[in-house]
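J.: Let me begin by handing over the structure; questions about it come next.
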Amino acid sequence: MALPQPGQPGYVLPLPPNAPRVKPNRFTRWLGRTLLRLGGWRMVGTFPDIPKLVLIGAPHSSNWDGIWGFAAKLALGLEIKILGKHQLFWWPLSVLLRRLGVIAVDRSAASGVVEQAAALLTASDKLWFGLAPEGTRKPVERWKPGFWKIAHLAGVPVLPAYFHYPEKIIGIGPLFTLGEDMEADIARIRAWYRPWQGKHHGTP
């Protein structure tokens, strides 16, 4: 069966050599592409060819974002790590969480979640770390700054991804290299997101 082409439902972007990958699995790749095709979703943009970054996803306005994002992850064969409370890592749930790329984090630890995530990035040869900067499905006035702090501490760029529901597009944007002014960096990233519309709201 021919793979979907650019512009068609189910199309996913090619991964560059330095992007982290999961162990090849033809079934999960097929499943991810099939879910995207049935939902009418396609991908646009270009993934950067770098081994470490922080990937953010917005606007986050629906639980469906996670479903389509997970379908894209399967279709791509891309390995993305996210953090989860260490209390969730009980057997057998821990096996599933680790296979989905969830890393246990101790929120009560003295080092803090931001420091733990930055340390993981620093210590890894290849790691893409993902999170939603809004922190909730409701419209927010301010983004949570954790993504900026993690990327800044680890010295890695931020890669924005978006869900644009009117055209059913999962888009990958340009890399943002951070400076020393957190508020200014977050403001310019949010400004880049303004054209994109989530299921229930856009980015103010």
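Lettering and numbering for the structure tokens are positional, with chains as A, B, ... in the shown order, residues counted from 1 in each chain, and ligands counted from 1 in the shown order.
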Residues of region 111-184 of chain A classed as alpha helix (DSSP H) by DSSP on the backbone are to be reported as an mmCIF file with N, CA and C atoms, in the first residue's frame.

T.:
data_model
loop_
_atom_site.group_PDB
_atom_site.id
_atom_site.type_symbol
_atom_site.label_atom_id
_atom_site.label_comp_id
_atom_site.auth_asym_id
_atom_site.auth_seq_id
_atom_site.Cartn_x
_atom_site.Cartn_y
_atom_site.Cartn_z
ATOM 1 N N GLY A 112 13.922 19.449 42.544
ATOM 2 C CA GLY A 112 12.810 20.030 41.812
ATOM 3 C C GLY A 112 12.641 19.405 40.435
ATOM 4 N N VAL A 113 11.421 19.522 39.895
ATOM 5 C CA VAL A 113 11.089 18.898 38.614
ATOM 6 C C VAL A 113 11.898 19.507 37.474
ATOM 7 N N VAL A 114 12.010 20.837 37.446
ATOM 8 C CA VAL A 114 12.754 21.499 36.379
ATOM 9 C C VAL A 114 14.204 21.019 36.355
ATOM 10 N N GLU A 115 14.812 20.966 37.521
ATOM 11 C CA GLU A 115 16.203 20.544 37.605
ATOM 12 C C GLU A 115 16.379 19.088 37.194
ATOM 13 N N GLN A 116 15.422 18.231 37.586
ATOM 14 C CA GLN A 116 15.509 16.826 37.207
ATOM 15 C C GLN A 116 15.399 16.655 35.687
ATOM 16 N N ALA A 117 14.469 17.392 35.076
ATOM 17 C CA ALA A 117 14.296 17.299 33.621
ATOM 18 C C ALA A 117 15.529 17.831 32.898
ATOM 19 N N ALA A 118 16.072 18.955 33.358
ATOM 20 C CA ALA A 118 17.261 19.526 32.734
ATOM 21 C C ALA A 118 18.455 18.583 32.881
ATOM 22 N N ALA A 119 18.544 17.926 34.036
ATOM 23 C CA ALA A 119 19.645 16.983 34.257
ATOM 24 C C ALA A 119 19.542 15.792 33.305
ATOM 25 N N LEU A 120 18.325 15.326 33.053
ATOM 26 C CA LEU A 120 18.127 14.228 32.104
ATOM 27 C C LEU A 120 18.605 14.622 30.711
ATOM 28 N N LEU A 121 18.231 15.834 30.289
ATOM 29 C CA LEU A 121 18.654 16.310 28.974
ATOM 30 C C LEU A 121 20.166 16.440 28.892
ATOM 31 N N THR A 122 20.752 16.996 29.920
ATOM 32 C CA THR A 122 22.202 17.215 29.927
ATOM 33 C C THR A 122 22.970 15.896 29.876
ATOM 34 N N ALA A 123 22.457 14.893 30.595
ATOM 35 C CA ALA A 123 23.167 13.619 30.695
ATOM 36 C C ALA A 123 22.950 12.723 29.480
ATOM 37 N N GLY A 146 7.903 26.424 32.982
ATOM 38 C CA GLY A 146 8.777 25.263 33.170
ATOM 39 C C GLY A 146 9.533 24.862 31.925
ATOM 40 N N PHE A 147 8.871 24.916 30.749
ATOM 41 C CA PHE A 147 9.546 24.492 29.516
ATOM 42 C C PHE A 147 10.758 25.374 29.227
ATOM 43 N N TRP A 148 10.605 26.697 29.470
ATOM 44 C CA TRP A 148 11.711 27.624 29.230
ATOM 45 C C TRP A 148 12.859 27.341 30.195
ATOM 46 N N LYS A 149 12.524 27.120 31.457
ATOM 47 C CA LYS A 149 13.560 26.881 32.466
ATOM 48 C C LYS A 149 14.319 25.587 32.179
ATOM 49 N N ILE A 150 13.589 24.553 31.766
ATOM 50 C CA ILE A 150 14.249 23.285 31.447
ATOM 51 C C ILE A 150 15.203 23.460 30.263
ATOM 52 N N ALA A 151 14.705 24.078 29.190
ATOM 53 C CA ALA A 151 15.539 24.267 27.996
ATOM 54 C C ALA A 151 16.730 25.169 28.295
ATOM 55 N N HIS A 152 16.497 26.222 29.063
ATOM 56 C CA HIS A 152 17.572 27.172 29.381
ATOM 57 C C HIS A 152 18.654 26.513 30.220
ATOM 58 N N LEU A 153 18.244 25.754 31.241
ATOM 59 C CA LEU A 153 19.224 25.084 32.101
ATOM 60 C C LEU A 153 20.031 24.042 31.322
ATOM 61 N N ALA A 154 19.354 23.336 30.408
ATOM 62 C CA ALA A 154 20.029 22.284 29.643
ATOM 63 C C ALA A 154 20.778 22.833 28.439
ATOM 64 N N MET A 182 13.399 35.552 29.998
ATOM 65 C CA MET A 182 12.367 34.530 29.919
ATOM 66 C C MET A 182 11.051 35.095 29.395
ATOM 67 N N GLU A 183 10.616 36.223 29.912
ATOM 68 C CA GLU A 183 9.334 36.801 29.509
ATOM 69 C C GLU A 183 9.336 37.146 28.017
ATOM 70 N N ALA A 184 10.434 37.685 27.535
ATOM 71 C CA ALA A 184 10.518 38.045 26.116
ATOM 72 C C ALA A 184 10.509 36.807 25.233
#

J.: Which residue out of A:Gly45, A:Gly40, A:Pro92, A:Gly130 has the minimum interatomic distance to Ile80 (chain A) when only C-alpha atoms are used?

T.: A:Gly130

J.: Applying 8 Å and only C-alpha atoms, which residues near Leu55 (chain A) remain after dropping the ones on its own chain fewer than 2 positions away? List them as a PDB file with C-alpha atoms, in the first residue's frame.

T.:
ATOM      1  CA  LEU A  53      15.574  19.757  22.428  1.00  0.00           C
ATOM      2  CA  GLY A  57       2.577  21.510  22.034  1.00  0.00           C
ATOM      3  CA  TRP A 128      13.584  15.088  22.919  1.00  0.00           C
ATOM      4  CA  PHE A 129      11.565  16.184  25.930  1.00  0.00           C
ATOM      5  CA  GLY A 130       7.909  17.153  25.478  1.00  0.00           C
ATOM      6  CA  LEU A 131       5.316  19.094  27.456  1.00  0.00           C
ATOM      7  CA  VAL A 158      12.639  24.866  21.952  1.00  0.00           C
ATOM      8  CA  LEU A 159      10.699  23.253  19.100  1.00  0.00           C
ATOM      9  CA  PRO A 160       7.029  24.327  18.824  1.00  0.00           C
ATOM     10  CA  ALA A 161       4.368  21.932  17.561  1.00  0.00           C
TER      11      ALA A 161
END

J.: Region 35-60 of chain A near region 6-12 of chain A within 6 Å: what's each residue's closest atom pair and its distance in Å to one decimal, counting only C-alpha atoms, ordered by chain then ascending residue number, as a tab-separated table?

T.:
residue	atom	partner	partner_atom	distance
A:Leu36	CA	A:Gly10	CA	4.7
A:Arg37	CA	A:Gly10	CA	3.8
A:Gly40	CA	A:Pro9	CA	4.8
A:Trp41	CA	A:Pro9	CA	5.0
A:Arg42	CA	A:Pro9	CA	4.9
A:Met43	CA	A:Val12	CA	5.2

J.: Could you give me, as a compact mmCIF listing (two decimals) with N, CA and C atoms, in the first residue's frame, the residues within 9 Å of Thr177 (chain A), counting only C-alpha atoms and dropping anything in the same chain fewer than 6 positions from it?

T.:
# COMPACT_ATOMS: atom_id res chain seq x y z
N VAL A 156 19.43 23.85 25.50
CA VAL A 156 18.89 23.29 24.26
C VAL A 156 17.80 24.22 23.73
N PRO A 157 17.49 24.16 22.43
CA PRO A 157 16.44 25.01 21.86
C PRO A 157 15.05 24.44 22.12
N VAL A 158 14.04 25.26 21.81
CA VAL A 158 12.64 24.87 21.95
C VAL A 158 12.04 24.68 20.56
N ASP A 185 11.22 35.76 25.65
CA ASP A 185 11.25 34.53 24.86
C ASP A 185 9.86 33.91 24.78

J.: Which residue gives the smallest distance to Thr203 (chain A) among A:Arg33, A:Lys73, A:His60, A:Lys144, with only C-alpha atoms counted?

T.: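 Under the stated criterion, the closest residue is A:His60.
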
J.: Quick one: DSSP strand (DSSP E or B) residues in chain A, as a PyMOL selection string?

T.: chain A and resi 21+42-45+52-58+78+81-85+102-105+127-131+158-164+169-172+176+197+202
